[in-house]
$ cat final_31.cif   # mmCIF, C-alpha atoms and all ligand atoms
data_my_file
#
loop_
_atom_site.label_atom_id
_atom_site.label_comp_id
_atom_site.auth_asym_id
_atom_site.auth_seq_id
_atom_site.Cartn_x
_atom_site.Cartn_y
_atom_site.Cartn_z
CA MET F 155 205.64 301.71 153.04
CA LYS F 156 206.26 299.48 156.03
CA ALA F 157 205.22 300.18 159.62
CA VAL F 158 206.40 298.06 162.53
CA HIS F 159 204.12 298.38 165.55
CA PHE F 160 205.07 296.89 168.94
CA GLY F 161 202.03 295.72 170.95
CA ALA F 162 199.10 294.18 169.06
CA GLY F 163 196.70 294.89 171.94
CA ASN F 164 193.69 297.19 172.15
CA ILE F 165 195.34 300.47 171.13
CA GLY F 166 197.75 298.71 168.78
CA ARG F 167 195.02 297.07 166.71
CA GLY F 168 192.16 299.48 167.44
CA PHE F 169 193.94 302.77 166.89
CA ILE F 170 197.57 302.91 165.73
CA GLY F 171 197.50 299.86 163.42
CA LEU F 172 194.18 300.99 161.95
CA LEU F 173 195.39 304.55 161.33
CA LEU F 174 198.72 303.47 159.84
CA SER F 175 196.96 301.04 157.53
CA GLN F 176 194.48 303.73 156.44
CA ALA F 177 197.47 306.01 155.79
CA GLY F 178 198.85 303.44 153.33
CA TYR F 179 201.32 301.49 155.48
CA GLU F 180 201.68 297.70 155.50
CA VAL F 181 201.58 297.04 159.23
CA CYS F 182 203.72 294.37 160.91
CA PHE F 183 202.68 293.83 164.55
CA VAL F 184 205.36 292.69 167.00
CA ASP F 185 204.09 291.12 170.21
CA VAL F 186 205.01 288.38 172.70
CA ASN F 187 201.54 286.85 172.98
CA GLU F 188 201.92 283.76 170.79
CA GLU F 189 198.20 283.08 170.47
CA LEU F 190 197.61 286.64 169.25
CA VAL F 191 200.60 286.63 166.89
CA SER F 192 199.61 283.26 165.36
CA GLU F 193 196.07 284.41 164.70
CA LEU F 194 197.23 287.69 163.14
CA LYS F 195 199.67 285.75 160.94
CA ALA F 196 197.05 283.20 159.91
CA ARG F 197 194.35 285.72 159.02
CA GLY F 198 196.37 288.74 157.84
CA GLU F 199 193.46 291.01 158.76
CA TYR F 200 191.20 291.98 161.66
CA PRO F 201 187.99 293.98 162.16
CA VAL F 202 187.65 297.29 164.03
CA THR F 203 184.10 298.33 164.96
CA LEU F 204 183.10 301.85 166.03
CA ALA F 205 181.12 302.02 169.28
CA SER F 206 178.50 304.35 167.85
CA GLU F 207 174.96 304.06 166.54
CA GLY F 208 175.94 302.74 163.10
CA GLN F 209 178.49 300.22 164.52
CA GLU F 210 180.51 300.68 161.32
CA THR F 211 183.22 298.04 160.84
CA THR F 212 186.54 298.48 159.01
CA VAL F 213 188.63 295.42 158.17
CA VAL F 214 192.33 296.21 158.48
CA LYS F 215 193.94 294.11 155.75
CA GLY F 216 197.39 293.12 154.61
CA ILE F 217 198.91 292.92 158.07
CA THR F 218 201.65 290.59 159.29
CA ALA F 219 202.91 289.72 162.77
CA LEU F 220 206.06 288.56 164.54
CA ASN F 221 206.73 287.19 168.00
CA SER F 222 209.76 289.08 169.31
CA ALA F 223 210.36 286.40 171.97
CA SER F 224 210.58 283.46 169.54
CA GLU F 225 211.56 285.38 166.36
CA PRO F 226 213.97 288.04 167.66
CA GLU F 227 216.10 288.21 164.49
CA ALA F 228 213.07 288.63 162.21
CA ALA F 229 211.68 291.34 164.51
CA ALA F 230 215.02 293.19 164.47
CA ARG F 231 215.16 292.86 160.67
CA ALA F 232 211.65 294.33 160.43
CA VAL F 233 212.83 297.36 162.42
CA ALA F 234 215.89 297.63 160.17
CA GLU F 235 213.65 297.79 157.09
CA ALA F 236 210.78 299.87 158.51
CA ASP F 237 209.60 303.29 157.33
CA ILE F 238 208.08 304.02 160.74
CA VAL F 239 208.15 302.24 164.13
CA THR F 240 205.42 302.75 166.73
CA THR F 241 204.63 301.21 170.11
CA ALA F 242 201.61 300.71 172.41
CA VAL F 243 202.86 298.21 174.97
CA GLY F 244 202.61 300.15 178.26
CA VAL F 245 205.23 302.65 179.38
CA ASN F 246 206.79 300.17 181.83
CA ILE F 247 207.30 297.66 178.99
CA LEU F 248 209.36 300.03 176.82
CA LYS F 249 212.59 298.74 178.40
CA PHE F 250 211.71 295.21 177.30
CA ILE F 251 211.21 296.11 173.62
CA ALA F 252 214.36 298.27 173.55
CA PRO F 253 216.73 295.34 172.78
CA THR F 254 214.80 294.38 169.61
CA ILE F 255 214.76 298.01 168.46
CA ALA F 256 218.46 298.39 169.28
CA GLU F 257 219.33 295.25 167.27
CA GLY F 258 217.21 296.57 164.40
CA LEU F 259 218.99 299.93 164.45
CA LYS F 260 222.42 298.23 164.48
CA LEU F 261 221.46 296.35 161.30
CA ARG F 262 219.91 299.42 159.73
CA LEU F 263 222.85 301.71 160.46
CA GLN F 264 225.40 299.31 158.89
CA GLY F 265 224.51 300.80 155.51
CA GLU F 266 223.08 304.05 154.15
CA ALA F 267 220.11 304.37 156.49
CA ALA F 268 216.87 306.08 155.44
CA PRO F 269 215.46 308.38 158.12
CA LEU F 270 213.25 306.63 160.68
CA HIS F 271 210.82 307.93 163.31
CA ILE F 272 210.15 305.78 166.36
CA ILE F 273 207.01 306.93 168.18
CA ALA F 274 205.88 305.56 171.55
CA CYS F 275 202.08 305.82 171.79
CA GLU F 276 201.74 305.33 175.54
CA ASN F 277 199.87 307.20 178.27
CA ALA F 278 202.93 308.99 179.55
CA ILE F 279 204.78 312.25 179.24
CA GLY F 280 207.90 311.82 177.11
CA GLY F 281 207.25 308.16 176.19
CA SER F 282 209.41 308.22 173.03
CA THR F 283 212.18 310.04 174.90
CA GLN F 284 212.11 307.29 177.55
CA LEU F 285 212.27 304.64 174.80
CA LYS F 286 215.23 306.44 173.21
CA GLU F 287 217.10 306.32 176.53
CA HIS F 288 216.50 302.55 176.82
CA VAL F 289 217.57 301.97 173.20
CA TYR F 290 220.63 304.26 173.31
CA GLY F 291 221.75 302.49 176.48
CA LEU F 292 222.19 299.38 174.32
CA LEU F 293 224.10 301.01 171.43
CA ASP F 294 227.85 301.67 171.17
CA GLU F 295 229.04 305.23 170.68
CA GLU F 296 229.59 304.89 166.92
CA THR F 297 226.04 303.55 166.34
CA ARG F 298 224.57 306.25 168.61
CA ARG F 299 226.39 308.90 166.56
CA LYS F 300 224.94 307.49 163.33
CA ALA F 301 221.49 307.21 164.91
CA ASP F 302 221.63 310.87 165.94
CA SER F 303 221.47 311.95 162.31
CA SER F 304 218.85 309.56 160.90
CA ILE F 305 216.71 308.20 163.74
CA ALA F 306 214.26 310.36 165.72
CA PHE F 307 212.05 309.57 168.71
CA PRO F 308 209.28 312.21 168.62
CA ASP F 309 207.05 312.26 171.68
CA ALA F 310 203.31 311.79 171.20
CA ALA F 311 199.92 312.00 172.89
CA VAL F 312 197.34 309.37 171.95
CA ASP F 313 193.69 309.53 172.82
CA ARG F 314 191.07 306.91 172.04
CA ILE F 315 189.18 304.82 174.61
CA VAL F 316 189.58 301.14 173.77
CA PRO F 317 188.23 298.89 176.56
CA LEU F 318 189.12 295.25 177.18
CA GLN F 319 187.80 293.13 174.32
CA GLN F 320 185.72 290.02 174.89
CA HIS F 321 184.45 288.85 171.52
CA GLU F 322 184.15 285.45 169.95
CA ASP F 323 186.54 286.81 167.33
CA ARG F 324 189.83 287.13 169.24
CA LEU F 325 191.09 289.85 166.87
CA LYS F 326 188.02 292.09 166.80
CA VAL F 327 188.34 295.47 168.52
CA VAL F 328 185.49 297.82 169.41
CA VAL F 329 186.69 301.41 169.75
CA GLU F 330 185.09 304.76 170.48
CA PRO F 331 184.72 306.98 167.38
CA PHE F 332 186.84 309.82 168.85
CA TYR F 333 190.60 309.79 168.37
CA GLU F 334 193.52 312.15 168.56
CA TRP F 335 197.18 311.33 167.84
CA ALA F 336 199.39 314.38 168.38
CA VAL F 337 203.11 314.21 167.59
CA ASP F 338 205.82 316.73 168.45
CA ARG F 339 206.81 318.27 165.10
CA SER F 340 209.93 319.85 166.60
CA GLN F 341 211.37 316.36 167.16
CA MET F 342 210.74 315.16 163.57
CA LEU F 343 213.59 314.79 161.07
CA ASP F 344 213.83 317.39 158.28
CA GLY F 345 211.67 316.65 155.24
CA PHE F 346 209.51 314.04 157.03
CA LYS F 347 206.46 312.67 155.25
CA PRO F 348 203.40 313.31 157.46
CA VAL F 349 201.23 310.31 158.37
CA GLU F 350 197.64 311.08 157.44
CA GLY F 351 195.51 311.34 160.58
CA VAL F 352 198.40 312.44 162.82
CA HIS F 353 198.24 315.97 164.19
CA TYR F 354 201.76 317.43 164.22
CA VAL F 355 202.10 320.15 166.85
CA ASP F 356 204.91 322.62 167.51
CA ARG F 357 204.73 322.19 171.28
CA LEU F 358 203.46 318.87 172.61
CA GLU F 359 203.43 319.73 176.33
CA PRO F 360 200.06 321.55 176.36
CA TYR F 361 198.47 318.71 174.37
CA ILE F 362 199.81 315.84 176.42
CA GLU F 363 199.12 317.59 179.74
CA ARG F 364 195.60 318.59 178.67
CA LYS F 365 194.88 315.00 177.61
CA LEU F 366 196.58 313.17 180.50
CA PHE F 367 195.24 315.53 183.20
CA THR F 368 191.70 315.58 181.81
CA VAL F 369 190.89 312.27 180.08
CA ASN F 370 193.13 310.08 182.17
CA THR F 371 192.84 311.93 185.50
CA GLY F 372 189.04 312.06 185.16
CA HIS F 373 188.83 308.46 184.03
CA CYS F 374 190.93 307.00 186.84
CA SER F 375 189.06 309.16 189.37
CA ALA F 376 185.78 307.62 188.16
CA ALA F 377 187.40 304.18 188.32
CA TYR F 378 188.79 304.49 191.86
CA ILE F 379 185.69 306.08 193.45
CA GLY F 380 183.41 303.86 191.33
CA PHE F 381 185.32 300.75 192.47
CA LEU F 382 184.85 301.70 196.14
CA LYS F 383 181.12 302.11 195.52
CA GLY F 384 180.95 298.61 194.02
CA TYR F 385 180.52 299.52 190.33
CA GLU F 386 181.99 297.24 187.70
CA THR F 387 181.97 299.59 184.73
CA ILE F 388 182.79 303.26 184.17
CA GLN F 389 179.45 303.68 182.40
CA ASP F 390 177.59 302.58 185.57
CA ALA F 391 179.90 304.49 187.92
CA VAL F 392 179.40 307.86 186.21
CA LYS F 393 175.61 307.45 186.35
CA ASP F 394 176.01 307.76 190.14
CA ASP F 395 175.69 311.46 191.07
CA GLU F 396 178.34 311.24 193.77
CA VAL F 397 180.91 309.76 191.35
CA ALA F 398 179.97 312.23 188.60
CA LYS F 399 180.26 315.14 191.04
CA HIS F 400 183.69 313.97 192.15
CA VAL F 401 184.95 313.59 188.57
CA ARG F 402 183.62 317.04 187.73
CA ALA F 403 185.37 318.53 190.80
CA VAL F 404 188.64 316.82 189.83
CA LEU F 405 188.41 318.18 186.29
CA ASP F 406 187.66 321.66 187.61
CA GLU F 407 190.89 321.43 189.62
CA THR F 408 193.04 320.13 186.75
CA GLY F 409 191.29 322.61 184.43
CA ALA F 410 192.21 325.57 186.63
CA ALA F 411 195.82 324.37 186.88
CA LEU F 412 196.06 323.79 183.11
CA ILE F 413 194.51 327.18 182.29
CA HIS F 414 196.94 328.80 184.73
CA LYS F 415 199.97 327.05 183.20
CA HIS F 416 199.12 327.01 179.50
CA GLY F 417 196.76 329.97 179.15
CA PHE F 418 193.97 327.86 177.62
CA ASN F 419 190.74 329.69 176.87
CA PRO F 420 188.47 328.84 179.87
CA ALA F 421 185.31 328.45 177.76
CA GLU F 422 187.11 326.18 175.29
CA HIS F 423 188.50 324.11 178.15
CA GLN F 424 185.01 323.73 179.66
CA ALA F 425 183.79 322.48 176.25
CA TYR F 426 186.75 320.03 176.15
CA ILE F 427 185.76 318.72 179.62
CA ALA F 428 182.13 318.32 178.51
CA THR F 429 183.24 316.23 175.50
CA ILE F 430 185.40 314.03 177.72
CA LEU F 431 182.55 313.44 180.20
CA ASP F 432 180.31 312.43 177.28
CA ARG F 433 182.97 309.99 176.10
CA PHE F 434 183.09 308.38 179.59
CA ARG F 435 179.30 307.92 179.44
CA ASN F 436 179.25 306.37 175.92
CA PRO F 437 176.57 303.65 176.35
CA ALA F 438 177.95 301.71 173.38
CA LEU F 439 181.12 300.94 175.39
CA THR F 440 181.54 298.64 178.38
CA ASP F 441 184.71 299.74 180.13
CA GLU F 442 185.60 298.00 183.37
CA VAL F 443 186.77 300.03 186.36
CA VAL F 444 189.57 297.50 186.93
CA ARG F 445 191.00 298.29 183.46
CA VAL F 446 190.78 302.05 183.82
CA GLY F 447 192.24 301.93 187.35
CA ARG F 448 194.89 299.31 186.43
CA SER F 449 198.47 299.75 187.64
CA PRO F 450 197.70 302.16 190.52
CA ILE F 451 201.39 302.52 191.43
CA ARG F 452 202.11 303.91 187.95
CA LYS F 453 199.07 306.16 188.21
CA LEU F 454 200.17 307.43 191.65
CA SER F 455 203.74 308.07 190.51
CA PRO F 456 205.15 311.64 190.61
CA GLY F 457 204.95 312.43 186.86
CA ASP F 458 201.58 310.85 186.25
CA ARG F 459 197.89 311.91 186.08
CA LEU F 460 197.18 312.50 189.80
CA VAL F 461 200.31 313.78 191.52
CA SER F 462 201.55 315.96 188.68
CA PRO F 463 198.39 318.13 188.37
CA ALA F 464 197.99 318.22 192.17
CA MET F 465 201.55 319.55 192.56
CA LEU F 466 200.92 322.03 189.75
CA ALA F 467 197.73 323.21 191.48
CA PHE F 468 199.48 323.44 194.85
CA GLU F 469 202.40 325.42 193.42
CA SER F 470 199.98 327.77 191.64
CA GLY F 471 197.97 328.39 194.82
CA LEU F 472 194.97 326.51 193.38
CA ALA F 473 192.70 323.79 194.77
CA TYR F 474 193.81 320.14 194.85
CA LYS F 475 191.38 318.62 197.39
CA SER F 476 189.51 316.39 194.93
CA LEU F 477 192.75 315.19 193.36
CA ALA F 478 193.91 314.20 196.86
CA LYS F 479 190.64 312.26 197.24
CA SER F 480 191.33 310.36 194.00
CA MET F 481 194.81 309.49 195.29
CA ALA F 482 193.28 308.26 198.56
CA ALA F 483 190.80 306.12 196.61
CA ALA F 484 193.69 304.73 194.51
CA LEU F 485 195.31 303.58 197.77
CA LEU F 486 192.12 301.60 198.48
CA PHE F 487 191.94 300.04 194.98
CA ASP F 488 192.17 296.42 196.05
CA VAL F 489 192.25 294.17 192.97
CA PRO F 490 194.35 291.07 193.77
CA GLU F 491 194.75 290.15 190.07
CA ASP F 492 196.45 293.51 189.39
CA PRO F 493 200.11 293.10 190.48
CA GLU F 494 200.52 296.81 191.30
CA SER F 495 197.32 296.87 193.36
CA ALA F 496 198.52 293.78 195.24
CA GLU F 497 201.90 295.45 195.92
CA LEU F 498 200.18 298.64 197.11
CA GLN F 499 197.89 296.74 199.48
CA ARG F 500 200.85 294.77 200.84
CA SER F 501 202.68 298.03 201.48
CA VAL F 502 199.63 299.53 203.26
CA ARG F 503 199.54 296.46 205.52
CA GLU F 504 203.29 296.53 206.19
CA ILE F 505 204.15 300.24 206.56
CA GLY F 506 200.72 301.88 206.80
CA PRO F 507 198.79 304.13 204.39
CA SER F 508 200.68 307.36 205.04
CA ASP F 509 204.18 305.98 204.39
CA THR F 510 202.82 304.01 201.43
CA ALA F 511 201.32 307.16 199.94
CA SER F 512 204.60 309.05 200.40
CA LYS F 513 206.65 306.16 199.03
CA TYR F 514 204.73 305.90 195.75
CA THR F 515 203.70 309.54 195.17
CA GLY F 516 207.04 311.01 196.21
CA ILE F 517 205.14 313.60 198.31
CA ALA F 518 206.65 314.13 201.76
CA GLY F 519 204.54 313.19 204.78
CA GLU F 520 204.31 316.77 206.04
CA HIS F 521 203.21 318.24 202.67
CA PRO F 522 199.68 319.78 202.69
CA ILE F 523 198.59 317.46 199.84
CA MET F 524 199.46 314.51 202.04
CA GLY F 525 197.32 315.94 204.87
CA GLU F 526 194.31 316.12 202.49
CA LEU F 527 195.05 312.67 201.10
CA MET F 528 195.10 311.05 204.54
CA GLU F 529 191.89 312.80 205.65
CA HIS F 530 190.13 311.44 202.58
CA TYR F 531 191.70 308.03 203.06
CA GLU F 532 190.31 307.70 206.59
CA ALA F 533 186.85 308.92 205.50
CA LEU F 534 186.73 306.61 202.45
CA LYS F 535 187.86 303.67 204.58
CA ILE F 536 185.04 304.26 207.08
CA GLU F 537 182.51 304.54 204.21
CA LEU F 538 183.84 301.31 202.76
CA GLU F 539 183.61 299.50 206.11
CA ASN F 540 180.06 300.79 206.67
CA ARG F 541 179.08 299.55 203.23
CA SER F 542 180.31 295.97 203.77
N1 LIG U 1 193.34 301.15 175.78
C1 LIG U 1 193.24 302.47 175.69
O1 LIG U 1 192.13 303.03 175.62
C2 LIG U 1 194.46 303.33 175.62
C3 LIG U 1 195.70 302.88 175.93
N2 LIG U 1 196.78 303.71 175.81
C4 LIG U 1 198.11 303.23 176.11
O2 LIG U 1 198.48 302.26 175.12
C5 LIG U 1 199.36 301.30 175.70
C6 LIG U 1 198.77 299.91 175.46
O3 LIG U 1 197.50 299.84 176.09
P1 LIG U 1 196.44 298.76 175.64
O4 LIG U 1 196.47 298.58 174.18
O5 LIG U 1 195.17 299.14 176.29
O6 LIG U 1 197.03 297.47 176.36
P2 LIG U 1 196.94 295.95 175.90
O7 LIG U 1 197.28 295.15 177.09
O8 LIG U 1 195.65 295.71 175.21
O9 LIG U 1 198.09 295.82 174.80
C7 LIG U 1 199.45 295.75 175.10
C8 LIG U 1 200.08 294.72 174.18
O10 LIG U 1 201.49 294.76 174.38
C9 LIG U 1 201.95 293.43 174.31
N3 LIG U 1 203.27 293.31 174.94
C10 LIG U 1 203.56 293.15 176.27
N4 LIG U 1 204.89 293.00 176.42
C11 LIG U 1 205.43 293.08 175.18
C12 LIG U 1 206.76 293.00 174.70
N5 LIG U 1 207.80 292.80 175.52
N6 LIG U 1 206.97 293.09 173.38
C13 LIG U 1 205.92 293.29 172.53
N7 LIG U 1 204.65 293.37 172.93
C14 LIG U 1 204.41 293.28 174.24
C15 LIG U 1 200.88 292.62 175.00
O11 LIG U 1 200.97 291.25 174.70
C16 LIG U 1 199.62 293.29 174.46
O12 LIG U 1 199.18 292.66 173.28
C17 LIG U 1 199.46 301.68 177.19
O13 LIG U 1 200.59 302.50 177.37
C18 LIG U 1 198.21 302.51 177.45
O14 LIG U 1 198.36 303.41 178.49
C19 LIG U 1 196.67 304.99 175.37
C20 LIG U 1 195.47 305.50 175.04
C21 LIG U 1 194.28 304.70 175.13
O1 LIG U 2 196.19 302.86 179.84
P1 LIG U 2 196.38 303.35 181.26
O2 LIG U 2 197.40 304.42 181.38
O3 LIG U 2 196.48 302.27 182.25
O4 LIG U 2 195.05 304.07 181.66
C1 LIG U 2 193.81 303.75 181.18
C2 LIG U 2 193.45 304.96 180.39
O5 LIG U 2 193.73 304.83 179.03
C3 LIG U 2 192.62 305.13 178.28
O6 LIG U 2 192.17 303.92 177.87
C4 LIG U 2 192.82 306.02 177.13
O7 LIG U 2 193.62 307.09 177.37
C5 LIG U 2 191.64 305.76 179.17
O8 LIG U 2 190.46 305.15 178.90
C6 LIG U 2 192.10 305.44 180.55
O9 LIG U 2 192.06 306.59 181.29
#

$ encode --input "final_31.cif" --output "structure tokens" --more "lines below"
Ligand SMILES: NC(=O)C1=CN([C@@H]2O[C@H](COP(=O)(O)OP(=O)(O)OC[C@H]3O[C@@H](n4cnc5c(N)ncnc54)[C@H](O)[C@@H]3O)[C@@H](O)[C@H]2O)C=CC1
Ligand SMILES: O=P(O)(O)OC[C@H]1O[C@](O)(CO)[C@@H](O)[C@@H]1O
Amino acid sequence: MKAVHFGAGNIGRGFIGLLLSQAGYEVCFVDVNEELVSELKARGEYPVTLASEGQETTVVKGITALNSASEPEAAARAVAEADIVTTAVGVNILKFIAPTIAEGLKLRLQGEAAPLHIIACENAIGGSTQLKEHVYGLLDEETRRKADSSIAFPDAAVDRIVPLQQHEDRLKVVVEPFYEWAVDRSQMLDGFKPVEGVHYVDRLEPYIERKLFTVNTGHCSAAYIGFLKGYETIQDAVKDDEVAKHVRAVLDETGAALIHKHGFNPAEHQAYIATILDRFRNPALTDEVVRVGRSPIRKLSPGDRLVSPAMLAFESGLAYKSLAKSMAAALLFDVPEDPESAELQRSVREIGPSDTASKYTGIAGEHPIMGELMEHYEALKIELENRS
């Protein structure tokens, strides 16, 4: 069985590639980083080490790689012949891989096509659906009609913390032991063969919202407040009582909103939060705040991990104050090497913090969330100035 996975980065190698290989697939990575692709091709294997006491290492063997920039036809052919296609490139990159997938589907659908699932494993709601829209936009009507009956794009939620990797071995990945890969069963084609290790769920929304609004909301809140307090890693930031208290308050807010919307059992949700907080503290990982806070414009966008739960809380008559504080801290996340942070800071300088916040969050200036956000912004700015 052949799997084609777009994005041979941290999640690609450390989670999806590993799991697919363990489930019996021959994995072909497709990436645009020539150095990475060449090394994967040359070695045909890479090690994944668990960040736990035993530091157990698994060598993922029998893998191949293609550079979709310099080998576009081969990459399209790989899609045409694949038994499953997955991605972990970043939700904003999906539009750039769509042409290769579209070319692959055109080749595949020329003959009798076997069913194919294409699963985007990104931190986003409806990632595969977004990918489908990009791909379908490149297909003619006849090919789209054929694709409708044999190609599916089930949405997914993926959870495993894989920090930036800095090892002598360029291919080595250190990952946390925990993982969860949930896929929407209702979007799978009839008679599909389950991938071992994947959790197929009838309704994905509660899973993806619970994950995104707990793991990712909590994590970026630790990153943004931790960054302002001068911490370099999440592990150091969450040792600070003030940061830990803020993260806890944020997760109490998202927890209340999630329980209200999805009817989760409150005690079970508290236990879920406790597990997540333990994962953030994992001393065997070194996770930089600049990675976890990366792309603040994406993280401040209306459907993402801060604004979406805050709006849900507001609409349900629940608290959102701490979420507004995380948004304010995101506005102060000044990392010149991060293009989205640089754009955000430029916007703050040019049009001011309030209009910038409205522009990127989609929340109107007069909305109560915006009032909270701006109060926190001013207070955090003063704290920051006093600190320097
Ligand atoms: N790292 C983590 O702990 C987690 C990450 N995710 C999600 O997984 C996705 C990937 O994240 P990471 O692996 O951390 O990032 P990464 O930066 O380590 O990997 C992304 C890979 O995509 C490749 N890429 C970029 N443009 C491409 C293109 N046009 N065609 C093919 N490949 C391309 C890059 O060269 C890189 O190797 C993101 O959506 C992220 O939110 C989800 C859960 C956990
Ligand atoms: O990958 P993104 O969306 O930039 O966000 C980083 C997040 O991804 C994760 O690596 C895993 O979900 C978290 O550690 C972190 O919250």

$ atom_distance --input "final_31.cif" --atom1 "atom CA of Ile523 of chain F" --atom2 "atom C19 of ligand LIG 1 (chain U)"
27.5 Å

$ closest_residue --input "final_31.cif" --among "F:Asp406, F:Glu188, F:Glu359, F:Asp237" --to "ligand LIG 1 (chain U)" --atoms "all atoms listed in the file"
F:Glu188

$ closest_residue --input "final_31.cif" --among "F:Ala483, F:Val329, F:Ile517, F:Val239" --to "Met465 of chain F" --atoms "all atoms listed in the file"
F:Ile517

$ closest_residue --input "final_31.cif" --among "F:Val158, F:Val316, F:Ala278, F:Ala267" --to "Ala219 of chain F" --atoms "only C-alpha atoms"
F:Val158

$ closest_residue --input "final_31.cif" --among "F:Arg339, F:Lys156, F:His400, F:Arg314" --to "Asn277 of chain F" --atoms "only C-alpha atoms"
F:Arg314

$ residues_around --input "final_31.cif" --residues "Gly178 of chain F" --least-positions-apart "3" --cutoff "10 Å" --atoms "only C-alpha atoms" --output "PyMOL selection string"
chain F and resi 155-157+173-175+181+349-350

$ write_last_selection --input "final_31.cif" --atoms "C-alpha atoms" --output "PDB file, keeping the file's coordinate frame"
ATOM      1  CA  MET F 155     205.640 301.710 153.040  1.00  0.00           C
ATOM      2  CA  LYS F 156     206.260 299.480 156.030  1.00  0.00           C
ATOM      3  CA  ALA F 157     205.220 300.180 159.620  1.00  0.00           C
ATOM      4  CA  LEU F 173     195.390 304.550 161.330  1.00  0.00           C
ATOM      5  CA  LEU F 174     198.720 303.470 159.840  1.00  0.00           C
ATOM      6  CA  SER F 175     196.960 301.040 157.530  1.00  0.00           C
ATOM      7  CA  VAL F 181     201.580 297.040 159.230  1.00  0.00           C
ATOM      8  CA  VAL F 349     201.230 310.310 158.370  1.00  0.00           C
ATOM      9  CA  GLU F 350     197.640 311.080 157.440  1.00  0.00           C
TER      10      GLU F 350
END

$ residues_near_ligand --input "final_31.cif" --ligand "ligand LIG 1 (chain U)" --cutoff "6 Å" --atoms "all atoms listed in the file" --output "PyMOL selection string"
chain F and resi 160-166+184-187+242-245+247+250-251+276-277+312-317

$ atom_distance --input "final_31.cif" --atom1 "atom CA of Val328 of chain F" --atom2 "atom CA of Glu396 of chain F"
28.7 Å

$ atom_distance --input "final_31.cif" --atom1 "atom CA of Asp509 of chain F" --atom2 "atom CA of Leu486 of chain F"
14.1 Å

$ axis_aligned_box --input "final_31.cif" --around "ligand LIG 2 (chain U)" --padding-each-side "4 Å" --output "AutoDock Vina command-line options"
--center_x 193.9 --center_y 304.7 --center_z 179.7 --size_x 14.9 --size_y 12.8 --size_z 13.1

$ residues_around --input "final_31.cif" --residues "Leu343 of chain F" --least-positions-apart "4" --cutoff "8 Å" --atoms "all atoms listed in the file" --output "VMD selection string"
chain F and resid 269 271 304 to 306

$ residues_around --input "final_31.cif" --residues "segment 368-377 of chain F" --least-positions-apart "5" --cutoff "9 Å" --atoms "all atoms listed in the file" --output "number ranges by chain"
F: 277, 313, 363, 382, 385-388, 391-392, 397-398, 400-402, 404-405, 408-409, 426-427, 430-431, 434, 442-448, 453, 458-460, 463, 477, 479-481, 483-484

$ closest_residue --input "final_31.cif" --among "F:Ala232, F:Leu194, F:Leu248, F:Ile170" --to "Thr218 of chain F" --atoms "only C-alpha atoms"
F:Leu194

$ closest_residue --input "final_31.cif" --among "F:Lys475, F:His416, F:Arg299, F:Arg541" --to "Met528 of chain F" --atoms "all atoms listed in the file"
F:Lys475

$ residues_around --input "final_31.cif" --residues "segment 203-216 of chain F" --least-positions-apart "6" --cutoff "7 Å" --atoms "only C-alpha atoms" --output "list of chain:residue names"
F:Leu172, F:Ser175, F:Glu180, F:Val327, F:Val328, F:Val329, F:Glu330, F:Pro331, F:Ala438, F:Leu439

$ residues_around --input "final_31.cif" --residues "Val289 of chain F" --least-positions-apart "4" --cutoff "9 Å" --atoms "all atoms listed in the file" --output "CSV table (one decimal) with C-alpha atoms, in the frame of the given file"
chain,number,residue,atom,x,y,z
F,249,LYS,CA,212.6,298.7,178.4
F,251,ILE,CA,211.2,296.1,173.6
F,252,ALA,CA,214.4,298.3,173.6
F,253,PRO,CA,216.7,295.3,172.8
F,254,THR,CA,214.8,294.4,169.6
F,255,ILE,CA,214.8,298.0,168.5
F,256,ALA,CA,218.5,298.4,169.3
F,284,GLN,CA,212.1,307.3,177.6
F,285,LEU,CA,212.3,304.6,174.8
F,293,LEU,CA,224.1,301.0,171.4

$ decode --input "final_31.cif" --residues "segment 442-453 of chain F" --atoms "C-alpha atoms" --output "compact mmCIF listing (two decimals), in the first residue's frame"
# COMPACT_ATOMS: atom_id res chain seq x y z
CA GLU F 442 10.30 27.49 21.75
CA VAL F 443 7.67 30.19 22.34
CA VAL F 444 8.40 31.59 18.86
CA ARG F 445 7.34 28.26 17.29
CA VAL F 446 4.18 27.88 19.34
CA GLY F 447 3.21 31.53 18.76
CA ARG F 448 4.23 31.49 15.07
CA SER F 449 1.95 33.06 12.46
CA PRO F 450 -0.01 35.32 14.87
CA ILE F 451 -2.25 36.63 12.06
CA ARG F 452 -3.47 33.08 11.38
CA LYS F 453 -3.92 32.50 15.09
